[in-house]
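What's in final.cif: mmCIF, C-alpha atoms
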data_final
loop_
_atom_site.label_atom_id
_atom_site.label_comp_id
_atom_site.auth_asym_id
_atom_site.auth_seq_id
_atom_site.Cartn_x
_atom_site.Cartn_y
_atom_site.Cartn_z
CA MET G 1 18.82 -26.75 -32.52
CA GLU G 2 19.32 -23.19 -31.37
CA GLY G 3 20.93 -21.76 -28.28
CA ASP G 4 24.21 -22.61 -26.68
CA ILE G 5 25.50 -24.83 -23.94
CA ALA G 6 25.24 -22.10 -21.27
CA GLN G 7 21.54 -21.67 -21.97
CA MET G 8 21.07 -25.41 -21.76
CA GLY G 9 22.79 -25.34 -18.38
CA GLN G 10 20.39 -22.60 -17.23
CA PHE G 11 17.36 -24.61 -18.17
CA ILE G 12 18.67 -27.82 -16.62
CA GLY G 13 19.59 -25.95 -13.47
CA ALA G 14 16.16 -24.36 -13.25
CA GLY G 15 14.56 -27.76 -13.68
CA LEU G 16 16.77 -29.23 -10.95
CA ALA G 17 15.84 -26.36 -8.65
CA ALA G 18 12.19 -27.30 -9.14
CA ILE G 19 12.93 -30.54 -7.24
CA GLY G 20 13.10 -28.33 -4.15
CA SER G 21 9.40 -27.62 -4.56
CA GLY G 22 8.73 -31.33 -4.21
CA ALA G 23 10.80 -31.42 -1.03
CA ALA G 24 8.78 -28.51 0.34
CA ALA G 25 5.62 -30.43 -0.57
CA ILE G 26 6.83 -33.33 1.59
CA GLY G 27 7.43 -30.91 4.46
CA VAL G 28 4.01 -29.29 4.15
CA GLY G 29 2.42 -32.74 3.97
CA HIS G 30 4.21 -33.73 7.19
CA VAL G 31 2.94 -30.65 9.01
CA ALA G 32 -0.65 -31.07 7.85
CA GLY G 33 -0.68 -34.85 8.35
CA ASN G 34 0.70 -34.66 11.87
CA PHE G 35 -1.75 -31.90 12.70
CA LEU G 36 -4.61 -34.08 11.51
CA ALA G 37 -3.29 -37.07 13.47
CA GLY G 38 -3.14 -34.99 16.61
CA ALA G 39 -6.44 -33.29 15.94
CA LEU G 40 -8.28 -36.60 15.58
CA ARG G 41 -6.94 -37.76 18.95
CA ASN G 42 -8.01 -34.60 20.72
CA PRO G 43 -10.54 -32.75 18.53
CA SER G 44 -11.44 -30.25 21.23
CA ALA G 45 -7.89 -28.86 21.28
CA ALA G 46 -7.59 -28.71 17.48
CA GLY G 47 -9.57 -25.51 16.93
CA GLY G 48 -7.13 -23.35 18.83
CA GLN G 49 -4.16 -24.67 16.89
CA THR G 50 -5.13 -23.81 13.32
CA ALA G 51 -3.03 -20.64 13.48
CA THR G 52 -0.02 -22.71 14.52
CA LEU G 53 -0.78 -25.10 11.67
CA PHE G 54 -0.66 -22.33 9.10
CA ILE G 55 2.49 -20.81 10.60
CA GLY G 56 4.14 -24.24 10.42
CA ILE G 57 3.05 -24.71 6.84
CA ALA G 58 4.34 -21.25 5.94
CA PHE G 59 7.74 -21.95 7.46
CA ALA G 60 8.01 -25.33 5.76
CA GLU G 61 7.02 -23.71 2.50
CA ALA G 62 9.59 -20.91 2.85
CA LEU G 63 12.45 -23.26 1.99
CA GLY G 64 10.64 -24.47 -1.10
CA ILE G 65 10.31 -20.83 -2.06
CA PHE G 66 14.08 -20.50 -2.06
CA ALA G 67 14.26 -23.32 -4.60
CA PHE G 68 11.72 -21.43 -6.69
CA LEU G 69 13.82 -18.29 -6.27
CA VAL G 70 16.91 -20.11 -7.55
CA ALA G 71 14.93 -21.28 -10.57
CA LEU G 72 13.70 -17.72 -11.22
CA LEU G 73 17.22 -16.32 -10.91
CA LEU G 74 18.57 -18.92 -13.33
CA MET G 75 15.83 -18.24 -15.85
CA PHE G 76 15.71 -14.45 -15.78
CA ALA G 77 18.68 -12.97 -13.95
CA VAL G 78 21.74 -15.00 -15.00
CA MET A 1 -41.00 -32.60 5.71
CA ALA A 2 -40.74 -29.05 4.44
CA SER A 3 -41.96 -27.69 7.79
CA ASP A 4 -39.01 -29.29 9.57
CA PRO A 5 -36.54 -26.42 10.07
CA ASN A 6 -33.52 -28.70 10.00
CA THR A 7 -34.43 -30.12 6.63
CA ALA A 8 -35.13 -26.65 5.27
CA GLU A 9 -31.76 -25.48 6.47
CA THR A 10 -29.95 -28.41 4.89
CA GLU A 11 -31.81 -27.82 1.65
CA SER A 12 -30.94 -24.14 1.56
CA GLN A 13 -27.31 -25.01 2.29
CA GLY A 14 -27.38 -27.60 -0.49
CA SER A 15 -28.83 -25.17 -3.00
CA GLY A 16 -26.31 -22.54 -1.89
CA LYS A 17 -23.51 -24.96 -2.63
CA THR A 18 -25.01 -25.80 -6.01
CA ILE A 19 -25.27 -22.10 -6.88
CA ALA A 20 -21.66 -21.55 -5.81
CA LEU A 21 -20.54 -24.50 -7.93
CA ILE A 22 -22.45 -23.21 -10.96
CA LEU A 23 -20.94 -19.73 -10.49
CA VAL A 24 -17.43 -21.18 -10.35
CA ALA A 25 -18.13 -23.26 -13.45
CA ILE A 26 -19.43 -20.23 -15.37
CA ALA A 27 -16.44 -18.13 -14.33
CA ALA A 28 -14.01 -20.84 -15.41
CA LEU A 29 -15.85 -21.28 -18.70
CA LEU A 30 -15.69 -17.53 -19.38
CA PHE A 31 -11.99 -17.75 -18.54
CA VAL A 32 -11.50 -20.32 -21.28
CA LEU A 33 -13.80 -18.61 -23.79
CA GLY A 34 -11.99 -15.34 -23.22
CA LEU A 35 -8.83 -17.07 -24.32
CA VAL A 36 -10.26 -18.74 -27.37
CA ASP A 37 -10.52 -15.49 -29.34
CA ASP A 38 -6.77 -15.12 -28.93
CA TYR A 39 -6.42 -18.59 -30.37
CA GLU A 40 -4.44 -18.88 -33.57
CA GLY A 41 -3.49 -22.55 -33.77
CA GLY A 42 -1.19 -24.78 -31.77
CA LEU A 43 -0.47 -23.86 -28.18
CA SER A 44 -0.57 -20.16 -29.02
CA ILE A 45 -1.64 -19.05 -25.54
CA HIS A 46 1.50 -18.36 -23.65
CA PRO A 47 0.76 -18.92 -19.95
CA MET A 48 2.95 -16.00 -18.85
CA ASP A 49 1.39 -13.42 -21.18
CA GLN A 50 -1.30 -12.63 -18.62
CA PHE A 51 1.28 -11.11 -16.28
CA GLU A 52 2.40 -8.49 -18.78
CA VAL A 53 2.28 -4.94 -17.44
CA LYS A 54 0.96 -2.55 -20.08
CA PRO A 55 -0.36 1.02 -20.09
CA ILE A 56 -4.14 1.44 -20.11
CA PHE A 57 -3.99 4.23 -22.70
CA GLY A 58 -1.91 3.70 -25.82
CA ASP A 59 1.20 1.60 -26.21
CA GLY A 60 3.85 3.95 -24.87
CA ALA A 61 6.67 3.16 -22.48
CA VAL A 62 5.83 2.30 -18.88
CA ASN A 63 7.19 4.98 -16.55
CA TRP A 64 6.60 5.16 -12.82
CA TYR A 65 3.68 7.57 -13.32
CA THR A 66 2.01 5.70 -16.22
CA PRO A 67 -1.44 4.32 -15.38
CA THR A 68 -1.13 0.62 -16.15
CA ASN A 69 -3.35 -2.39 -15.67
CA VAL A 70 -1.56 -2.99 -12.35
CA THR A 71 -2.51 0.41 -10.97
CA LEU A 72 -6.03 0.00 -12.34
CA TRP A 73 -6.64 -3.30 -10.55
CA MET A 74 -4.98 -2.11 -7.36
CA ALA A 75 -7.27 0.92 -7.39
CA LEU A 76 -10.25 -1.39 -7.97
CA ALA A 77 -9.18 -3.56 -5.02
CA ILE A 78 -8.99 -0.49 -2.78
CA ALA A 79 -12.36 0.72 -4.10
CA ALA A 80 -13.92 -2.69 -3.37
CA VAL A 81 -12.50 -2.76 0.17
CA SER A 82 -13.69 0.79 0.82
CA ALA A 83 -17.12 0.01 -0.60
CA LEU A 84 -17.43 -3.08 1.60
CA MET A 85 -16.42 -1.28 4.77
CA VAL A 86 -18.35 1.96 4.09
CA MET A 87 -21.55 0.15 3.06
CA GLY A 88 -21.07 -2.41 5.84
CA THR A 89 -20.81 0.15 8.62
CA LYS A 90 -23.41 2.55 7.25
CA GLY A 91 -26.49 0.88 8.72
CA ARG A 92 -25.09 -0.33 12.05
CA ALA A 93 -28.18 -2.49 12.44
CA VAL A 94 -28.59 -4.85 15.40
CA ILE A 95 -29.66 -7.51 12.93
CA PRO A 96 -26.97 -7.07 10.27
CA SER A 97 -27.63 -6.99 6.56
CA ARG A 98 -25.49 -9.15 4.29
CA GLY A 99 -22.90 -6.47 3.64
CA GLN A 100 -22.69 -5.66 7.34
CA SER A 101 -22.31 -9.36 8.17
CA ILE A 102 -19.39 -9.73 5.79
CA ALA A 103 -17.70 -6.61 7.14
CA GLU A 104 -18.21 -7.74 10.74
CA LEU A 105 -17.03 -11.25 9.93
CA ALA A 106 -13.82 -9.97 8.34
CA TYR A 107 -13.22 -7.56 11.21
CA GLY A 108 -13.80 -10.20 13.88
CA PHE A 109 -11.70 -12.77 12.04
CA VAL A 110 -8.62 -10.56 11.74
CA ARG A 111 -9.05 -9.07 15.21
CA LYS A 112 -9.13 -12.53 16.77
CA MET A 113 -6.08 -13.54 14.75
CA VAL A 114 -4.08 -10.51 15.94
CA GLU A 115 -5.16 -11.11 19.54
CA ASP A 116 -4.37 -14.85 19.48
CA VAL A 117 -1.07 -14.73 17.63
CA ALA A 118 0.47 -11.36 18.51
CA GLY A 119 -1.14 -10.73 21.90
CA ARG A 120 -3.44 -8.04 23.27
CA ASP A 121 -0.78 -5.33 23.23
CA ALA A 122 -0.53 -5.69 19.44
CA LEU A 123 -4.10 -4.42 19.02
CA PRO A 124 -3.00 -0.79 18.34
CA TYR A 125 -1.48 -2.13 15.10
CA PHE A 126 -4.64 -3.98 14.15
CA PRO A 127 -5.78 -1.40 11.53
CA TYR A 128 -2.56 -1.90 9.55
CA ILE A 129 -2.91 -5.68 9.59
CA PHE A 130 -6.60 -5.50 8.72
CA THR A 131 -5.81 -3.24 5.75
CA LEU A 132 -3.11 -5.64 4.56
CA PHE A 133 -5.46 -8.62 4.82
CA LEU A 134 -8.35 -6.99 2.97
CA PHE A 135 -6.14 -5.53 0.26
CA ILE A 136 -4.43 -8.84 -0.49
CA LEU A 137 -7.70 -10.78 -0.28
CA PHE A 138 -9.50 -8.45 -2.69
CA ALA A 139 -6.54 -8.21 -5.05
CA ASN A 140 -6.45 -12.03 -5.18
CA PHE A 141 -10.19 -12.39 -5.66
CA LEU A 142 -10.43 -9.63 -8.28
CA GLY A 143 -7.60 -11.35 -10.12
CA LEU A 144 -9.78 -14.44 -10.46
CA ILE A 145 -12.34 -12.57 -12.54
CA PRO A 146 -11.84 -13.67 -16.16
CA ARG A 147 -9.63 -11.32 -18.22
CA SER A 148 -8.70 -9.26 -15.18
CA PHE A 149 -5.20 -8.71 -13.88
CA THR A 150 -3.79 -10.15 -10.65
CA THR A 151 -1.65 -7.48 -9.03
CA THR A 152 -0.40 -9.82 -6.30
CA SER A 153 1.18 -12.10 -8.92
CA HIS A 154 3.98 -9.57 -9.32
CA ILE A 155 6.88 -9.81 -6.93
CA ALA A 156 7.30 -6.03 -7.22
CA VAL A 157 3.88 -5.54 -5.59
CA THR A 158 4.25 -8.14 -2.85
CA ALA A 159 7.87 -7.10 -2.17
CA VAL A 160 6.69 -3.58 -1.34
CA LEU A 161 4.05 -4.99 1.02
CA ALA A 162 6.59 -7.32 2.66
CA MET A 163 9.27 -4.62 2.94
CA ALA A 164 6.73 -2.30 4.56
CA VAL A 165 5.95 -5.00 7.12
CA PHE A 166 9.65 -5.73 7.66
CA LEU A 167 10.60 -2.07 8.17
CA THR A 168 7.58 -1.41 10.41
CA VAL A 169 8.37 -4.40 12.58
CA THR A 170 12.10 -3.66 12.83
CA ILE A 171 11.62 0.02 13.65
CA LEU A 172 8.86 -0.84 16.10
CA GLY A 173 11.07 -3.42 17.81
CA PHE A 174 13.85 -0.88 18.36
CA VAL A 175 11.45 1.87 19.45
CA LYS A 176 9.65 -0.36 21.96
CA ASN A 177 12.62 -2.31 23.34
CA GLY A 178 15.67 -0.22 22.46
CA ALA A 179 18.80 -2.33 22.21
CA GLY A 180 16.89 -5.09 24.03
CA PHE A 181 15.40 -5.95 20.64
CA LEU A 182 18.73 -7.57 19.77
CA SER A 183 18.02 -10.26 22.38
CA LEU A 184 15.76 -11.70 19.68
CA PHE A 185 18.96 -13.06 18.13
CA TRP A 186 20.51 -14.20 21.41
CA VAL A 187 18.75 -17.47 22.26
CA SER A 188 19.16 -17.50 26.04
CA SER A 189 17.55 -20.94 26.41
CA ALA A 190 20.35 -22.60 24.40
CA PRO A 191 23.71 -23.72 25.88
CA LEU A 192 26.25 -20.91 25.97
CA PRO A 193 28.73 -22.28 23.36
CA LEU A 194 25.90 -22.69 20.86
CA ARG A 195 24.53 -19.15 21.24
CA PRO A 196 26.90 -17.32 18.82
CA ILE A 197 26.19 -19.89 16.10
CA LEU A 198 22.46 -19.64 16.72
CA ALA A 199 22.75 -15.84 16.68
CA VAL A 200 24.15 -16.00 13.14
CA ILE A 201 21.37 -18.36 12.04
CA GLU A 202 18.70 -16.19 13.67
CA LEU A 203 20.15 -13.09 12.03
CA ILE A 204 20.09 -14.70 8.59
CA SER A 205 16.56 -15.99 9.07
CA TYR A 206 15.48 -12.51 10.20
CA PHE A 207 16.76 -10.84 7.05
CA VAL A 208 15.37 -13.57 4.81
CA ARG A 209 11.87 -12.89 6.15
CA PRO A 210 10.84 -10.22 3.61
CA VAL A 211 12.09 -12.44 0.77
CA SER A 212 10.05 -15.50 1.71
CA HIS A 213 7.13 -13.31 2.82
CA SER A 214 6.81 -11.66 -0.58
CA ILE A 215 7.73 -14.55 -2.86
CA ARG A 216 5.32 -16.93 -1.08
CA LEU A 217 2.33 -14.80 -2.03
CA ALA A 218 3.51 -13.87 -5.54
CA GLY A 219 4.71 -17.41 -6.31
CA ASN A 220 1.51 -19.10 -5.23
CA VAL A 221 -0.76 -16.69 -7.08
CA MET A 222 1.40 -16.62 -10.22
CA ALA A 223 1.81 -20.41 -10.35
CA GLY A 224 -1.94 -20.94 -9.95
CA HIS A 225 -2.82 -18.52 -12.73
CA ALA A 226 -0.16 -19.98 -15.01
CA VAL A 227 -1.59 -23.47 -14.46
CA LEU A 228 -5.07 -22.16 -15.32
CA LYS A 229 -3.75 -20.74 -18.59
CA VAL A 230 -1.85 -23.91 -19.45
CA PHE A 231 -5.05 -25.95 -19.09
CA ALA A 232 -6.97 -23.32 -21.03
CA GLY A 233 -4.34 -23.58 -23.76
CA PHE A 234 -5.03 -27.31 -23.99
CA ALA A 235 -8.72 -26.52 -24.40
CA GLY A 236 -7.96 -24.24 -27.32
CA ALA A 237 -5.78 -26.83 -29.03
CA LEU A 238 -8.02 -29.87 -28.56
CA GLY A 239 -11.17 -28.70 -30.34
CA ALA A 240 -14.13 -30.93 -29.49
CA ALA A 241 -12.16 -32.91 -26.90
CA ALA A 242 -11.77 -29.68 -24.94
CA VAL A 243 -14.32 -30.86 -22.38
CA ALA A 244 -11.65 -32.61 -20.34
CA PRO A 245 -9.33 -29.60 -19.89
CA ILE A 246 -12.37 -27.37 -19.23
CA ILE A 247 -13.36 -29.65 -16.36
CA GLY A 248 -9.75 -29.43 -15.21
CA VAL A 249 -9.89 -25.63 -15.37
CA ILE A 250 -13.09 -25.64 -13.31
CA ALA A 251 -11.48 -27.81 -10.62
CA ILE A 252 -8.30 -25.73 -10.52
CA TYR A 253 -10.36 -22.53 -10.46
CA GLY A 254 -12.08 -23.78 -7.30
CA LEU A 255 -8.68 -24.56 -5.81
CA GLU A 256 -7.46 -21.08 -6.75
CA VAL A 257 -10.36 -19.46 -4.86
CA LEU A 258 -9.19 -21.40 -1.79
CA VAL A 259 -5.52 -20.50 -2.40
CA SER A 260 -6.42 -16.81 -2.75
CA PHE A 261 -7.92 -16.81 0.72
CA ILE A 262 -5.25 -18.99 2.33
CA GLN A 263 -2.39 -16.89 0.97
CA ALA A 264 -3.99 -13.68 2.26
CA TYR A 265 -4.45 -15.43 5.62
CA VAL A 266 -0.87 -16.70 5.71
CA PHE A 267 0.55 -13.28 4.80
CA THR A 268 -1.45 -11.68 7.60
CA ILE A 269 -0.68 -14.32 10.20
CA LEU A 270 3.05 -14.09 9.48
CA THR A 271 2.79 -10.32 9.91
CA CYS A 272 1.26 -11.05 13.33
CA VAL A 273 4.12 -13.43 14.17
CA TYR A 274 6.72 -10.82 13.22
CA LEU A 275 4.85 -8.22 15.24
CA ARG A 276 4.87 -10.51 18.27
CA ASP A 277 8.64 -10.90 17.89
CA ALA A 278 9.02 -7.13 17.78
CA LEU A 279 6.89 -6.56 20.88
CA HIS A 280 8.30 -9.49 22.90
CA PRO A 281 11.80 -10.23 21.60
CA HIS A 282 12.88 -12.31 24.62
CA HIS A 283 13.11 -16.01 23.96
#
This structure in structure tokens:
Amino acid sequence: MEGDIAQMGQFIGAGLAAIGSGAAAIGVGHVAGNFLAGALRNPSAAGGQTATLFIGIAFAEALGIFAFLVALLLMFAV
Amino acid sequence: MASDPNTAETESQGSGKTIALILVAIAALLFVLGLVDDYEGGLSIHPMDQFEVKPIFGDGAVNWYTPTNVTLWMALAIAAVSALMVMGTKGRAVIPSRGQSIAELAYGFVRKMVEDVAGRDALPYFPYIFTLFLFILFANFLGLIPRSFTTTSHIAVTAVLAMAVFLTVTILGFVKNGAGFLSLFWVSSAPLPLRPILAVIELISYFVRPVSHSIRLAGNVMAGHAVLKVFAGFAGALGAAAVAPIIGVIAIYGLEVLVSFIQAYVFTILTCVYLRDALHPHH
């Protein structure tokens, strides 16, 4: 086995940070699922709200991106 | 039956879909085959190798003026956008040709987005947003060509785009509203004791914007391409059983085409949201 304990900590930390991506996936799924639930109740109003849908998805995704950023920092910058 | 226009239309749509599917399959197959000649045994294809920046001529050091594969593919993206718009607007026919239809469709799509999200008074900034959209879209799509290079997979590229948007929007907000732009951070609809706390949160979220704006695009594109290469690596290692990963690559390739468009759309629509905040900072 090569490497040292600090490197192992980096890899474990990066892997733990990847859990944040799963949390972001839950958030994005919530946004899309609720949009679909609303859209099926009132399909005529759904068309005008697609922009809002994507903005919501983008904001939910932003926090997952920070988890990704932490993983990147651990892998390449620490 | 063939004389029925509805049936004919459905048939032509069906065949169009089949052709699109076949094209995607061929592209994905070329993607894999292009990798196989690098194949040396084991999982020798490193999924991150495709993002390496290297000079086009020779193997020298990469300085800021060196023509690299990044600059090459960015130039190709700009050339493709210019070609589409120049060819599309050349004829100005009442019944548009295909090129003109695509150009008009893209123009109308982005114009409607700016009008809906940022408001009518954001239309003077429409050319900038349209340029951003087309550049990102074409950079993403050109990156999907087998053995090409995806410029938007580099945070350095997307960070410049996002910083440009951030600086434009901030300067514009102060020029249009003066110090009134700071009311963006002062949520007047919240109870008074909460407002200073909210101001701090709003301030942080404002300065985090370029970070999430740039990393969203780069992260999505890079992750998708890395997944493609991982599956392609399986195909190289499995020999005759490579059919399964190749089918996987084809499916993911189709998903990547979708992601390329959606990420360009999201980048543009967030630019519109930021622009709206700059033009109307009052909560």
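All residues of protein, DNA or RNA that reach within 9 Å of Ala51 of chain G, judged by only C-alpha atoms and not counting those fewer than 5 positions away in the chain, are G:Gly56, A:Met113, A:Asp116, A:Val117, A:Val266, A:Ile269.
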Exercise. Within 9 Å of Leu134 of chain A, counting all atoms listed in the file, which residues show up once you throw out same-chain ones fewer than 4 positions away? Write them as a ChimeraX atom specification, please.
Key: /A:77-78,81,106,129-130,138-139,264
Using all atoms listed in the file, select each residue of chain G with any atom at most 8 Å away from an atom of chain A, and give the selection as a short mmCIF file (atom, residue, chain, number, x, y, z; two decimals) with C-alpha atoms, in the coordinates of the input.
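File produced: part.cif:
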data_model
loop_
_atom_site.label_atom_id
_atom_site.label_comp_id
_atom_site.auth_asym_id
_atom_site.auth_seq_id
_atom_site.Cartn_x
_atom_site.Cartn_y
_atom_site.Cartn_z
CA ALA G 51 -3.03 -20.64 13.48
CA PHE G 54 -0.66 -22.33 9.10
CA ILE G 55 2.49 -20.81 10.60
CA ALA G 58 4.34 -21.25 5.94
CA GLU G 61 7.02 -23.71 2.50
CA ALA G 62 9.59 -20.91 2.85
CA ILE G 65 10.31 -20.83 -2.06
CA PHE G 66 14.08 -20.50 -2.06
CA LEU G 69 13.82 -18.29 -6.27
#
Phe76 of chain G: which residues within 12 Å, counting all atoms listed in the file, same-chain residues fewer than 5 positions away excluded, as a tab-separated table (two decimals) with C-alpha atoms, in the frame of the given file?
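Below is the file selection_23.tsv, written as the result:
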chain	number	residue	atom	x	y	z
G	7	GLN	CA	21.54	-21.67	-21.97
G	10	GLN	CA	20.39	-22.60	-17.23
G	11	PHE	CA	17.36	-24.61	-18.17
G	14	ALA	CA	16.16	-24.36	-13.25
G	69	LEU	CA	13.82	-18.29	-6.27
G	70	VAL	CA	16.91	-20.11	-7.55
G	71	ALA	CA	14.93	-21.28	-10.57
Exercise. Find the residues near Tyr125 of chain A: any atom within 10 Å, counting all atoms listed in the file, skip ones fewer than 5 places away on the same chain, and give them as a list in words.
Key: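 Contacts, in chain order: Val114, Phe130, Cys272 and Leu275 of chain A.
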Quiz item: Could you state the separation of atom CA of Pro245 of chain A and atom CA of Ala226 of chain A in Å, given to one decimal place?
Solution: 14.2 Å
At a cut-off of 9 Å, using only C-alpha atoms, what residues contact His46 of chain A? Leave out same-chain residues fewer than 4 positions from it and give the result as a PDB file with C-alpha atoms, in the frame of the given file.
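Just written: result.pdb:
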ATOM      1  CA  GLN A  50      -1.300 -12.630 -18.620  1.00  0.00           C
ATOM      2  CA  ALA A 226      -0.160 -19.980 -15.010  1.00  0.00           C
ATOM      3  CA  LYS A 229      -3.750 -20.740 -18.590  1.00  0.00           C
ATOM      4  CA  VAL A 230      -1.850 -23.910 -19.450  1.00  0.00           C
ATOM      5  CA  GLY A 233      -4.340 -23.580 -23.760  1.00  0.00           C
TER       6      GLY A 233
END
Just give me the residues with any atom within 12 Å of (4.0, -31.9, 10.6), file coordinates, counting only C-alpha atoms, written as a compact mmCIF listing (two decimals) with C-alpha atoms, in the frame of the given file.
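Contents of part15.txt, freshly written:
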# COMPACT_ATOMS: atom_id res chain seq x y z
CA ALA G 24 8.78 -28.51 0.34
CA ALA G 25 5.62 -30.43 -0.57
CA ILE G 26 6.83 -33.33 1.59
CA GLY G 27 7.43 -30.91 4.46
CA VAL G 28 4.01 -29.29 4.15
CA GLY G 29 2.42 -32.74 3.97
CA HIS G 30 4.21 -33.73 7.19
CA VAL G 31 2.94 -30.65 9.01
CA ALA G 32 -0.65 -31.07 7.85
CA GLY G 33 -0.68 -34.85 8.35
CA ASN G 34 0.70 -34.66 11.87
CA PHE G 35 -1.75 -31.90 12.70
CA LEU G 36 -4.61 -34.08 11.51
CA ALA G 37 -3.29 -37.07 13.47
CA GLY G 38 -3.14 -34.99 16.61
CA ALA G 39 -6.44 -33.29 15.94
CA THR G 52 -0.02 -22.71 14.52
CA LEU G 53 -0.78 -25.10 11.67
CA PHE G 54 -0.66 -22.33 9.10
CA ILE G 55 2.49 -20.81 10.60
CA GLY G 56 4.14 -24.24 10.42
CA ILE G 57 3.05 -24.71 6.84
CA ALA G 58 4.34 -21.25 5.94
CA PHE G 59 7.74 -21.95 7.46
CA ALA G 60 8.01 -25.33 5.76
CA GLU G 61 7.02 -23.71 2.50
Quiz item: atom CA of Ala103 of chain A and atom CA of Val86 of chain A, how far apart in Å?
Solution: 9.1 Å
Quiz item: Distance atom CA of Ala199 of chain A-atom CA of Phe174 of chain A, one decimal place?
Solution: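 Going from atom CA of Ala199 of chain A over to atom CA of Phe174 of chain A covers 17.5 Å.
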Practice problem: Run the PyMOL selection byres ((chain A and resi 181) around 10) against the file shown and list the residues it catches, as a ChimeraX atom specification. | Solution: /A:170-180,182-186,277-282
If you keep C-alpha atoms, can you produce a file of those selected residues as a PDB file, keeping the file's coordinate frame?
ATOM      1  CA  THR A 170      12.100  -3.660  12.830  1.00  0.00           C
ATOM      2  CA  ILE A 171      11.620   0.020  13.650  1.00  0.00           C
ATOM      3  CA  LEU A 172       8.860  -0.840  16.100  1.00  0.00           C
ATOM      4  CA  GLY A 173      11.070  -3.420  17.810  1.00  0.00           C
ATOM      5  CA  PHE A 174      13.850  -0.880  18.360  1.00  0.00           C
ATOM      6  CA  VAL A 175      11.450   1.870  19.450  1.00  0.00           C
ATOM      7  CA  LYS A 176       9.650  -0.360  21.960  1.00  0.00           C
ATOM      8  CA  ASN A 177      12.620  -2.310  23.340  1.00  0.00           C
ATOM      9  CA  GLY A 178      15.670  -0.220  22.460  1.00  0.00           C
ATOM     10  CA  ALA A 179      18.800  -2.330  22.210  1.00  0.00           C
ATOM     11  CA  GLY A 180      16.890  -5.090  24.030  1.00  0.00           C
ATOM     12  CA  LEU A 182      18.730  -7.570  19.770  1.00  0.00           C
ATOM     13  CA  SER A 183      18.020 -10.260  22.380  1.00  0.00           C
ATOM     14  CA  LEU A 184      15.760 -11.700  19.680  1.00  0.00           C
ATOM     15  CA  PHE A 185      18.960 -13.060  18.130  1.00  0.00           C
ATOM     16  CA  TRP A 186      20.510 -14.200  21.410  1.00  0.00           C
ATOM     17  CA  ASP A 277       8.640 -10.900  17.890  1.00  0.00           C
ATOM     18  CA  ALA A 278       9.020  -7.130  17.780  1.00  0.00           C
ATOM     19  CA  LEU A 279       6.890  -6.560  20.880  1.00  0.00           C
ATOM     20  CA  HIS A 280       8.300  -9.490  22.900  1.00  0.00           C
ATOM     21  CA  PRO A 281      11.800 -10.230  21.600  1.00  0.00           C
ATOM     22  CA  HIS A 282      12.880 -12.310  24.620  1.00  0.00           C
TER      23      HIS A 282
END
Practice problem: Step by step, work through what the PyMOL selection byres ((chain A and resi 102) around 12) selects in the shown file, and finish by giving those residues as a PyMOL selection string. | Solution: chain A and resi 81+83-89+96-101+103-109+134
Those residues you just picked out, can you put them in a file as a short mmCIF file (atom, residue, chain, number, x, y, z; two decimals), keeping the file's coordinate frame with C-alpha atoms?
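The file below, again_33.cif, is the result:
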data_model
loop_
_atom_site.label_atom_id
_atom_site.label_comp_id
_atom_site.auth_asym_id
_atom_site.auth_seq_id
_atom_site.Cartn_x
_atom_site.Cartn_y
_atom_site.Cartn_z
CA VAL A 81 -12.50 -2.76 0.17
CA ALA A 83 -17.12 0.01 -0.60
CA LEU A 84 -17.43 -3.08 1.60
CA MET A 85 -16.42 -1.28 4.77
CA VAL A 86 -18.35 1.96 4.09
CA MET A 87 -21.55 0.15 3.06
CA GLY A 88 -21.07 -2.41 5.84
CA THR A 89 -20.81 0.15 8.62
CA PRO A 96 -26.97 -7.07 10.27
CA SER A 97 -27.63 -6.99 6.56
CA ARG A 98 -25.49 -9.15 4.29
CA GLY A 99 -22.90 -6.47 3.64
CA GLN A 100 -22.69 -5.66 7.34
CA SER A 101 -22.31 -9.36 8.17
CA ALA A 103 -17.70 -6.61 7.14
CA GLU A 104 -18.21 -7.74 10.74
CA LEU A 105 -17.03 -11.25 9.93
CA ALA A 106 -13.82 -9.97 8.34
CA TYR A 107 -13.22 -7.56 11.21
CA GLY A 108 -13.80 -10.20 13.88
CA PHE A 109 -11.70 -12.77 12.04
CA LEU A 134 -8.35 -6.99 2.97
#
Starting from 5 Å padding per side, set up an axis-aligned box that covers all listed atoms of segment 28-33 of chain G and hand over centre and edge lengths in Å, one decimal, as JSON.
{"center_x": 1.8, "center_y": -32.1, "center_z": 6.5, "size_x": 14.9, "size_y": 15.6, "size_z": 15.0}
Self-check item: Target residues per the PyMOL selection byres ((chain A and resi 231) around 12), formatted as a PyMOL selection string
Solution: chain A and resi 28-29+31-32+35+43+45-47+224-230+232-238+242-253
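Nearest residue to Ser205 of chain A among G:Asp4, G:Leu63, G:Leu73, G:Leu40 is G:Leu63, counting all atoms listed in the file.
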Quiz item: Taking all atoms listed in the file into account, which of G:Gly3, G:Phe68, G:Arg41, G:Gly48 comes nearest Ala18 of chain G?
Solution: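 With all atoms listed in the file as the atom set, the closest residue is G:Phe68.
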